[in-house]
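J.: Questions regarding the structure given below will be posed in turn.
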Amino acid sequence: MNRNRVFAKHSVSCLKGWYYREMFKPIIWKTFPRDFLRIQIGFALFGLSIALLIQGNLGTGAWGVLEVGLSYLLDVTPGTMTVASGFVVLTGALLMREQIGWGTLGNILSIGPWLDLALRFVPSVENNLFLQIPMLLAAILMMGFASAIYIGVNAGAGPRDSLMLGLKRTTGVSVRVARTIIEVTVVTIGWLIGGPAGVGTLVFALLIGPAVQWGFKVFKVEPHQEAKAEPKNTLS
């Protein structure tokens, strides 16, 4: 009887170990300082790009529409709402058993503060298309490059991308369909609660894909590369 209990505990321990290895990307400590700096540059640019979209007043991306709408409703900063919604979305991704990494948590905790910081310096522009259109296009290009920078670190997808991948894997739909379902749902809810939807939202939807793809080419990013664990030292 005791042997059976020991065997059962050992089996549960092994299953837990396998589960955590499958759910969390390993941290490569040898390159962590460089990766952390690089990923923060990507997050900072991403936060700045969202600030440009918000202050350009032509419409933001789908998630921006929802998060800014909620920030108005709850009287908090857009950055705070970005962090909060990131954790909610991450919960959904984890329930779908989607793999995450330290970069996923970094995405949640970093982009919001960078966004609030950028909003202090980027002025709001209205009724001036000569400034608003360049702000919109610059934001889209910057977000594409920022995505390539932090995805290239290969430390785990952001919570929203993880949710998309989880929906694809659990339902069997394509990435395009999964992304469309999420984006349409999010922008609809955001618009209903007063989020900044506009013509810029449509332009963003059309151009963000090419911008990210261009960023991948510029920075030579392979988004589906496998993370390799740091090799252990052995004694000869």
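Quick note on naming: the chains in the structure tokens go A, B, ... in the order shown, residues restart at 1 in each chain, and ligands are numbered from 1 in order of appearance.
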Run DSSP on the backbone of this structure and report the residues of range 82-146 of chain A it assigns to alpha helix (DSSP H), as a PDB file with N, CA and C atoms, in the first residue's frame.
T.:
```pdb
ATOM      1  N   THR A  82      -4.590  48.681 -19.769  1.00  0.00           N
ATOM      2  CA  THR A  82      -3.853  47.732 -20.606  1.00  0.00           C
ATOM      3  C   THR A  82      -3.271  46.605 -19.764  1.00  0.00           C
ATOM      4  N   VAL A  83      -2.719  46.951 -18.599  1.00  0.00           N
ATOM      5  CA  VAL A  83      -2.164  45.940 -17.699  1.00  0.00           C
ATOM      6  C   VAL A  83      -3.267  45.016 -17.188  1.00  0.00           C
ATOM      7  N   ALA A  84      -4.364  45.606 -16.741  1.00  0.00           N
ATOM      8  CA  ALA A  84      -5.467  44.808 -16.186  1.00  0.00           C
ATOM      9  C   ALA A  84      -6.054  43.865 -17.229  1.00  0.00           C
ATOM     10  N   SER A  85      -6.303  44.376 -18.426  1.00  0.00           N
ATOM     11  CA  SER A  85      -6.884  43.525 -19.464  1.00  0.00           C
ATOM     12  C   SER A  85      -5.904  42.442 -19.891  1.00  0.00           C
ATOM     13  N   GLY A  86      -4.593  42.760 -19.829  1.00  0.00           N
ATOM     14  CA  GLY A  86      -3.583  41.762 -20.166  1.00  0.00           C
ATOM     15  C   GLY A  86      -3.670  40.541 -19.264  1.00  0.00           C
ATOM     16  N   PHE A  87      -3.862  40.769 -17.965  1.00  0.00           N
ATOM     17  CA  PHE A  87      -3.977  39.645 -17.039  1.00  0.00           C
ATOM     18  C   PHE A  87      -5.267  38.856 -17.265  1.00  0.00           C
ATOM     19  N   VAL A  88      -6.344  39.550 -17.591  1.00  0.00           N
ATOM     20  CA  VAL A  88      -7.606  38.856 -17.879  1.00  0.00           C
ATOM     21  C   VAL A  88      -7.449  37.969 -19.109  1.00  0.00           C
ATOM     22  N   VAL A  89      -6.836  38.534 -20.155  1.00  0.00           N
ATOM     23  CA  VAL A  89      -6.634  37.767 -21.387  1.00  0.00           C
ATOM     24  C   VAL A  89      -5.688  36.596 -21.152  1.00  0.00           C
ATOM     25  N   LEU A  90      -4.649  36.828 -20.336  1.00  0.00           N
ATOM     26  CA  LEU A  90      -3.697  35.756 -20.022  1.00  0.00           C
ATOM     27  C   LEU A  90      -4.401  34.594 -19.336  1.00  0.00           C
ATOM     28  N   THR A  91      -5.342  34.888 -18.464  1.00  0.00           N
ATOM     29  CA  THR A  91      -6.104  33.831 -17.787  1.00  0.00           C
ATOM     30  C   THR A  91      -6.812  32.950 -18.804  1.00  0.00           C
ATOM     31  N   GLY A  92      -7.415  33.589 -19.811  1.00  0.00           N
ATOM     32  CA  GLY A  92      -8.081  32.819 -20.861  1.00  0.00           C
ATOM     33  C   GLY A  92      -7.110  31.953 -21.640  1.00  0.00           C
ATOM     34  N   ALA A  93      -5.926  32.521 -21.942  1.00  0.00           N
ATOM     35  CA  ALA A  93      -4.913  31.763 -22.681  1.00  0.00           C
ATOM     36  C   ALA A  93      -4.424  30.566 -21.871  1.00  0.00           C
ATOM     37  N   LEU A  94      -4.244  30.766 -20.561  1.00  0.00           N
ATOM     38  CA  LEU A  94      -3.788  29.670 -19.705  1.00  0.00           C
ATOM     39  C   LEU A  94      -4.832  28.574 -19.592  1.00  0.00           C
ATOM     40  N   LEU A  95      -6.095  28.961 -19.547  1.00  0.00           N
ATOM     41  CA  LEU A  95      -7.169  27.965 -19.500  1.00  0.00           C
ATOM     42  C   LEU A  95      -7.177  27.116 -20.763  1.00  0.00           C
ATOM     43  N   TRP A 102       8.568  34.321 -19.900  1.00  0.00           N
ATOM     44  CA  TRP A 102       8.765  35.546 -19.116  1.00  0.00           C
ATOM     45  C   TRP A 102       8.440  36.778 -19.948  1.00  0.00           C
ATOM     46  N   GLY A 103       8.582  36.673 -21.258  1.00  0.00           N
ATOM     47  CA  GLY A 103       8.227  37.782 -22.129  1.00  0.00           C
ATOM     48  C   GLY A 103       6.744  38.082 -22.120  1.00  0.00           C
ATOM     49  N   THR A 104       5.925  37.048 -21.889  1.00  0.00           N
ATOM     50  CA  THR A 104       4.477  37.247 -21.814  1.00  0.00           C
ATOM     51  C   THR A 104       4.129  38.122 -20.619  1.00  0.00           C
ATOM     52  N   LEU A 105       4.714  37.812 -19.472  1.00  0.00           N
ATOM     53  CA  LEU A 105       4.480  38.619 -18.276  1.00  0.00           C
ATOM     54  C   LEU A 105       5.088  40.009 -18.435  1.00  0.00           C
ATOM     55  N   GLY A 106       6.257  40.072 -19.083  1.00  0.00           N
ATOM     56  CA  GLY A 106       6.882  41.360 -19.337  1.00  0.00           C
ATOM     57  C   GLY A 106       6.007  42.233 -20.214  1.00  0.00           C
ATOM     58  N   ASN A 107       5.361  41.627 -21.194  1.00  0.00           N
ATOM     59  CA  ASN A 107       4.449  42.343 -22.073  1.00  0.00           C
ATOM     60  C   ASN A 107       3.324  42.991 -21.266  1.00  0.00           C
ATOM     61  N   ILE A 108       2.731  42.218 -20.365  1.00  0.00           N
ATOM     62  CA  ILE A 108       1.617  42.716 -19.568  1.00  0.00           C
ATOM     63  C   ILE A 108       2.052  43.862 -18.653  1.00  0.00           C
ATOM     64  N   LEU A 109       3.184  43.680 -17.981  1.00  0.00           N
ATOM     65  CA  LEU A 109       3.606  44.634 -16.960  1.00  0.00           C
ATOM     66  C   LEU A 109       4.310  45.859 -17.513  1.00  0.00           C
ATOM     67  N   SER A 110       4.811  45.793 -18.743  1.00  0.00           N
ATOM     68  CA  SER A 110       5.659  46.871 -19.261  1.00  0.00           C
ATOM     69  C   SER A 110       4.960  47.817 -20.222  1.00  0.00           C
ATOM     70  N   ILE A 111       4.149  47.296 -21.136  1.00  0.00           N
ATOM     71  CA  ILE A 111       3.581  48.155 -22.172  1.00  0.00           C
ATOM     72  C   ILE A 111       2.671  49.234 -21.579  1.00  0.00           C
ATOM     73  N   GLY A 112       1.881  48.890 -20.569  1.00  0.00           N
ATOM     74  CA  GLY A 112       0.992  49.864 -19.943  1.00  0.00           C
ATOM     75  C   GLY A 112       1.737  51.064 -19.376  1.00  0.00           C
ATOM     76  N   PRO A 113       2.759  50.854 -18.529  1.00  0.00           N
ATOM     77  CA  PRO A 113       3.535  51.995 -18.015  1.00  0.00           C
ATOM     78  C   PRO A 113       4.222  52.805 -19.115  1.00  0.00           C
ATOM     79  N   TRP A 114       4.761  52.123 -20.135  1.00  0.00           N
ATOM     80  CA  TRP A 114       5.368  52.853 -21.256  1.00  0.00           C
ATOM     81  C   TRP A 114       4.304  53.694 -21.967  1.00  0.00           C
ATOM     82  N   LEU A 115       3.094  53.183 -22.105  1.00  0.00           N
ATOM     83  CA  LEU A 115       2.005  53.920 -22.738  1.00  0.00           C
ATOM     84  C   LEU A 115       1.663  55.173 -21.940  1.00  0.00           C
ATOM     85  N   ASP A 116       1.487  55.030 -20.632  1.00  0.00           N
ATOM     86  CA  ASP A 116       1.150  56.196 -19.803  1.00  0.00           C
ATOM     87  C   ASP A 116       2.258  57.247 -19.840  1.00  0.00           C
ATOM     88  N   LEU A 117       3.502  56.790 -19.869  1.00  0.00           N
ATOM     89  CA  LEU A 117       4.627  57.735 -19.956  1.00  0.00           C
ATOM     90  C   LEU A 117       4.582  58.492 -21.282  1.00  0.00           C
ATOM     91  N   ALA A 118       4.342  57.781 -22.373  1.00  0.00           N
ATOM     92  CA  ALA A 118       4.300  58.421 -23.693  1.00  0.00           C
ATOM     93  C   ALA A 118       3.146  59.410 -23.794  1.00  0.00           C
ATOM     94  N   LEU A 119       2.015  59.101 -23.153  1.00  0.00           N
ATOM     95  CA  LEU A 119       0.859  59.990 -23.216  1.00  0.00           C
ATOM     96  C   LEU A 119       1.134  61.340 -22.558  1.00  0.00           C
ATOM     97  N   LEU A 129      -5.639  67.009 -40.276  1.00  0.00           N
ATOM     98  CA  LEU A 129      -5.289  65.755 -40.940  1.00  0.00           C
ATOM     99  C   LEU A 129      -3.833  65.722 -41.388  1.00  0.00           C
ATOM    100  N   PHE A 130      -3.235  66.904 -41.604  1.00  0.00           N
ATOM    101  CA  PHE A 130      -1.832  66.933 -42.020  1.00  0.00           C
ATOM    102  C   PHE A 130      -0.909  66.399 -40.927  1.00  0.00           C
ATOM    103  N   LEU A 131      -1.364  66.447 -39.689  1.00  0.00           N
ATOM    104  CA  LEU A 131      -0.611  65.856 -38.575  1.00  0.00           C
ATOM    105  C   LEU A 131      -1.179  64.499 -38.172  1.00  0.00           C
ATOM    106  N   GLN A 132      -2.493  64.363 -38.219  1.00  0.00           N
ATOM    107  CA  GLN A 132      -3.137  63.137 -37.750  1.00  0.00           C
ATOM    108  C   GLN A 132      -2.802  61.931 -38.618  1.00  0.00           C
ATOM    109  N   ILE A 133      -2.800  62.130 -39.943  1.00  0.00           N
ATOM    110  CA  ILE A 133      -2.494  61.009 -40.836  1.00  0.00           C
ATOM    111  C   ILE A 133      -1.059  60.512 -40.657  1.00  0.00           C
ATOM    112  N   PRO A 134      -0.043  61.410 -40.622  1.00  0.00           N
ATOM    113  CA  PRO A 134       1.317  60.924 -40.340  1.00  0.00           C
ATOM    114  C   PRO A 134       1.440  60.246 -38.984  1.00  0.00           C
ATOM    115  N   MET A 135       0.710  60.730 -37.969  1.00  0.00           N
ATOM    116  CA  MET A 135       0.746  60.092 -36.648  1.00  0.00           C
ATOM    117  C   MET A 135       0.204  58.669 -36.738  1.00  0.00           C
ATOM    118  N   LEU A 136      -0.897  58.502 -37.480  1.00  0.00           N
ATOM    119  CA  LEU A 136      -1.501  57.179 -37.635  1.00  0.00           C
ATOM    120  C   LEU A 136      -0.554  56.217 -38.347  1.00  0.00           C
ATOM    121  N   LEU A 137       0.016  56.662 -39.467  1.00  0.00           N
ATOM    122  CA  LEU A 137       0.900  55.797 -40.247  1.00  0.00           C
ATOM    123  C   LEU A 137       2.192  55.494 -39.488  1.00  0.00           C
ATOM    124  N   ALA A 138       2.723  56.501 -38.800  1.00  0.00           N
ATOM    125  CA  ALA A 138       3.948  56.290 -38.010  1.00  0.00           C
ATOM    126  C   ALA A 138       3.683  55.294 -36.882  1.00  0.00           C
ATOM    127  N   ALA A 139       2.498  55.385 -36.270  1.00  0.00           N
ATOM    128  CA  ALA A 139       2.148  54.474 -35.181  1.00  0.00           C
ATOM    129  C   ALA A 139       2.067  53.035 -35.672  1.00  0.00           C
ATOM    130  N   ILE A 140       1.456  52.841 -36.832  1.00  0.00           N
ATOM    131  CA  ILE A 140       1.317  51.484 -37.388  1.00  0.00           C
ATOM    132  C   ILE A 140       2.689  50.905 -37.720  1.00  0.00           C
ATOM    133  N   LEU A 141       3.537  51.708 -38.383  1.00  0.00           N
ATOM    134  CA  LEU A 141       4.872  51.243 -38.724  1.00  0.00           C
ATOM    135  C   LEU A 141       5.680  50.939 -37.472  1.00  0.00           C
ATOM    136  N   MET A 142       5.597  51.824 -36.481  1.00  0.00           N
ATOM    137  CA  MET A 142       6.336  51.636 -35.237  1.00  0.00           C
ATOM    138  C   MET A 142       5.863  50.385 -34.495  1.00  0.00           C
ATOM    139  N   MET A 143       4.553  50.141 -34.497  1.00  0.00           N
ATOM    140  CA  MET A 143       4.031  48.961 -33.812  1.00  0.00           C
ATOM    141  C   MET A 143       4.478  47.689 -34.507  1.00  0.00           C
ATOM    142  N   GLY A 144       4.533  47.717 -35.836  1.00  0.00           N
ATOM    143  CA  GLY A 144       5.027  46.553 -36.567  1.00  0.00           C
ATOM    144  C   GLY A 144       6.469  46.237 -36.228  1.00  0.00           C
ATOM    145  N   PHE A 145       7.302  47.268 -36.176  1.00  0.00           N
ATOM    146  CA  PHE A 145       8.702  47.071 -35.831  1.00  0.00           C
ATOM    147  C   PHE A 145       8.861  46.655 -34.373  1.00  0.00           C
ATOM    148  N   ALA A 146       8.061  47.282 -33.487  1.00  0.00           N
ATOM    149  CA  ALA A 146       8.129  46.928 -32.062  1.00  0.00           C
ATOM    150  C   ALA A 146       7.753  45.468 -31.852  1.00  0.00           C
TER     151      ALA A 146
END
```
J.: Just the residues within 12 Å of Met96 in chain A, please, counting only C-alpha atoms, with nothing from its chain fewer than 3 positions along; format it as a PyMOL selection string.
T.: chain A and resi 23+89-93+99-100+159+162-171
J.: Can you list, as an MDAnalysis selection string, every protein, DNA or RNA residue that comes within 12 Å of Val203 in chain A when you count only C-alpha atoms, leaving out same-chain residues fewer than 4 positions away?
T.: chainID A and resid 53 58:62 133 136:137 139:141 197:199 207:211
J.: At a cut-off of 12 Å, using only C-alpha atoms, what residues contact Leu73 in chain A? Leave out same-chain residues fewer than 5 positions from it and give the result as a list in words.
T.: Leu66, Glu67, Val68, Pro78, Met81, Gly190, Leu192, Ile193, Gly194 and Gly195 of chain A
J.: Mind dumping the selected residues with N, CA and C atoms as a PDB file, in the first residue's frame?
T.:
```pdb
ATOM      1  N   LEU A  66     -11.129  49.046 -27.018  1.00  0.00           N
ATOM      2  CA  LEU A  66     -11.704  48.472 -25.801  1.00  0.00           C
ATOM      3  C   LEU A  66     -11.054  49.040 -24.550  1.00  0.00           C
ATOM      4  N   GLU A  67      -9.726  49.065 -24.522  1.00  0.00           N
ATOM      5  CA  GLU A  67      -9.019  49.470 -23.304  1.00  0.00           C
ATOM      6  C   GLU A  67      -9.187  50.955 -23.000  1.00  0.00           C
ATOM      7  N   VAL A  68      -9.162  51.795 -24.030  1.00  0.00           N
ATOM      8  CA  VAL A  68      -9.396  53.220 -23.794  1.00  0.00           C
ATOM      9  C   VAL A  68     -10.846  53.447 -23.375  1.00  0.00           C
ATOM     10  N   PRO A  78      -5.191  54.755 -19.482  1.00  0.00           N
ATOM     11  CA  PRO A  78      -5.170  53.701 -20.492  1.00  0.00           C
ATOM     12  C   PRO A  78      -4.109  52.642 -20.213  1.00  0.00           C
ATOM     13  N   MET A  81      -5.344  50.226 -17.628  1.00  0.00           N
ATOM     14  CA  MET A  81      -6.340  49.332 -18.212  1.00  0.00           C
ATOM     15  C   MET A  81      -5.679  48.289 -19.109  1.00  0.00           C
ATOM     16  N   GLY A 190     -15.718  47.609 -27.382  1.00  0.00           N
ATOM     17  CA  GLY A 190     -15.072  48.890 -27.121  1.00  0.00           C
ATOM     18  C   GLY A 190     -15.847  50.062 -27.689  1.00  0.00           C
ATOM     19  N   LEU A 192     -19.087  50.175 -28.292  1.00  0.00           N
ATOM     20  CA  LEU A 192     -20.346  50.317 -27.565  1.00  0.00           C
ATOM     21  C   LEU A 192     -20.180  51.073 -26.251  1.00  0.00           C
ATOM     22  N   ILE A 193     -18.991  50.984 -25.642  1.00  0.00           N
ATOM     23  CA  ILE A 193     -18.775  51.690 -24.375  1.00  0.00           C
ATOM     24  C   ILE A 193     -18.044  53.023 -24.567  1.00  0.00           C
ATOM     25  N   GLY A 194     -17.929  53.460 -25.824  1.00  0.00           N
ATOM     26  CA  GLY A 194     -17.381  54.788 -26.075  1.00  0.00           C
ATOM     27  C   GLY A 194     -15.909  54.835 -26.401  1.00  0.00           C
ATOM     28  N   GLY A 195     -15.331  53.707 -26.806  1.00  0.00           N
ATOM     29  CA  GLY A 195     -13.922  53.680 -27.179  1.00  0.00           C
ATOM     30  C   GLY A 195     -13.669  54.419 -28.480  1.00  0.00           C
TER      31      GLY A 195
END
```
J.: Which residue gives the smallest distance to Glu183 in chain A among A:Val212, A:Ala148, A:Val65, A:Val153, with only C-alpha atoms counted?
T.: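 Looking only at the distances to Glu183 in chain A, the closest residue turns out to be A:Val65.
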J.: Choose the residue, out of A:Leu206, A:Ile151, A:Leu70, A:Ile28, that has the smallest atom-to-atom separation from Phe43 in chain A; count only C-alpha atoms.
T.: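 Residue with the minimum atom-to-atom distance to Phe43 in chain A: A:Ile151.
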J.: Which residue is closest to Arg176 in chain A? Choose from A:Leu48, A:Asp161, A:Phe216, A:Thr201 and count only C-alpha atoms.
T.: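 Among the listed residues, the smallest separation from Arg176 in chain A belongs to A:Asp161.
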J.: So how many Å separate CA of Ile54 in chain A and CA of Arg38 in chain A, to one decimal?
T.: 24.8 Å
J.: Between CA of Val221 in chain A and CA of Ser147 in chain A, what is the spacing in Å?
T.: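 Answer for the CA of Ser147 in chain A to CA of Val221 in chain A separation: 10.1 Å.
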J.: Report as a list in words all protein, DNA and RNA residues lying within 10 Å of Asp35 in chain A, evaluated on only C-alpha atoms, omitting residues in the same chain fewer than 3 positions from it.
T.: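 Answer for this query is Ile28, Trp29, Lys30, Thr31, Phe32, Arg38, Ile39, Gln40, Ile41, Gly103, Tyr150, Gly152, Val153, Asn154 and Ala155 of chain A.
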J.: From the set A:Thr180, A:Ser174, A:Thr188, A:Asn128, which residue has the shortest atom-to-atom contact distance to Gly64 in chain A, counting only C-alpha atoms?
T.: A:Thr188
J.: Could you jot down the CA of Ala44 in chain A to CA of Val76 in chain A separation for me, Å, one decimal place?
T.: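 It comes out at 20.2 Å.
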